[in-house]
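S.K.: A single structure is presented below for examination.
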Amino acid sequence: MLVADTASLLDISGLTAHRHKQVQHFSSGMMQRLKLSLSILSDTPVLLLDEPTSNLDVKASAWYHDMIRQYTKDKIVIIGSNQPDEYSFASGQLHVPEFKR
């Protein structure tokens with residue numbers, strides 16, 4: 001992972017104010033931020049995301065785009081989504097219905 005400690009992860013995730021909460025008490029948006037942070041910051045060559053901005057408000061969706069821009073430069077990112085905003089940065093798109101028989 002690109003982050004060495006919990007405090008840095010919470011800071012990047014925007015969850016520092018909730019550092020004393022148990023994860024089971026996070027809202028769905030907070031949980032989504034945590035999951036996205038852990039996956040985006042993982043040291044893997046390929047990142048698979050399914051509807052990454054579900055449960056995120058407008059501010060958190062902007063955070064998602066910043067995370068993608070900042071931390072996925074050397075990764076293959078594959079996003080499954082019907083929401084164009086979730087993959088608007090992609091260099092290529094595969095429209096699955098075009099391949100159905």
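Labels for the structure tokens follow display order: chains A, B, ..., residues from 1 in each chain, ligands from 1.
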Just asking: which residues within chain A are alpha helix (DSSP H) according to DSSP, as a PyMOL selection string?
M.R.: chain A and resi 6-13+28-41+58-71
S.K.: List every residue of segment 41-74 of chain A that DSSP, applied to the backbone, labels as strand (DSSP E), and write the result as a ChimeraX atom specification.
M.R.: /A:46-50
S.K.: Quick one: pull the distance between atom CA of Gln70 of chain A and atom CA of Ile12 of chain A, Å, one decimal.
M.R.: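 Atom CA of Ile12 of chain A lies 11.1 Å from atom CA of Gln70 of chain A.
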S.K.: Counting only C-alpha atoms, which of A:Ile78, A:Leu48, A:Leu36, A:Ala17 gets nearest to Tyr64 of chain A?
M.R.: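 Among A:Ile78, A:Leu48, A:Leu36, A:Ala17, it is A:Leu36 that comes nearest to Tyr64 of chain A.
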S.K.: Considering only C-alpha atoms, give me a table of residues in segment 9-78 of chain A that are at most 9 Å from segment 83-94 of chain A, with the closest atom pair and distance in Å for each, as CSV.
M.R.:
residue,atom,partner,partner_atom,distance
A:Glu51,CA,A:Glu86,CA,7.3
A:Pro52,CA,A:Glu86,CA,6.9
A:Thr53,CA,A:Glu86,CA,6.7
A:Ser61,CA,A:Glu86,CA,8.3
A:Tyr64,CA,A:Glu86,CA,8.7
A:His65,CA,A:Glu86,CA,8.0
A:Ile68,CA,A:Phe89,CA,8.9
A:Arg69,CA,A:Phe89,CA,8.6
A:Val77,CA,A:Ala90,CA,8.3
A:Ile78,CA,A:Tyr87,CA,8.8
S.K.: Which residues are near segment 29-35 of chain A? Cut-off 7 Å, only C-alpha atoms, ignore same chain within fewer than 5 positions. Put them as a list of chain:residue names.
M.R.: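 Residues meeting the cut-off are A:Ser13, A:Asn55, A:Leu56.
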S.K.: Within 7 Å of Lys75 of chain A, counting only C-alpha atoms, which residues show up once you throw out same-chain ones fewer than 5 positions away? Write them as a CSV table (one decimal) with N, CA and C atoms, in the first residue's frame, please.
M.R.:
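Heads up, here's the output in out.csv:
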chain,number,residue,atom,x,y,z
A,45,PRO,N,-1.1,-3.7,-9.8
A,45,PRO,CA,-1.0,-3.1,-11.1
A,45,PRO,C,-2.4,-2.9,-11.8
A,46,VAL,N,-3.4,-3.6,-11.3
A,46,VAL,CA,-4.7,-3.5,-11.8
A,46,VAL,C,-5.7,-3.2,-10.7
A,47,LEU,N,-6.6,-2.2,-11.0
A,47,LEU,CA,-7.6,-1.8,-10.1
A,47,LEU,C,-9.0,-2.0,-10.7
S.K.: When distances are computed from only C-alpha atoms, which of A:Ser42, A:Gln24, A:Ser37, A:Thr6 shows the smallest separation from Trp63 of chain A?
M.R.: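 Nearest candidate to Trp63 of chain A out of A:Ser42, A:Gln24, A:Ser37, A:Thr6: A:Ser37.
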S.K.: When you count only C-alpha atoms, which of these residues is closest to Ser27 of chain A: A:Asp11, A:Asp43, A:Asp57, A:Asp5?
M.R.: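 Of the candidates, the smallest distance to Ser27 of chain A is held by A:Asp57.
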S.K.: Can you measure atom CA of Lys73 of chain A to atom CA of Ile40 of chain A for me? One decimal in Å is fine.
M.R.: 10.8 Å
S.K.: For segment 96-101 of chain A, please output as a list in words all residues within 12 Å (counting only C-alpha atoms; exclusion window: fewer than 3 positions along the same chain).
M.R.: Gly80, Ser81, Asn82 and Gln93 of chain A
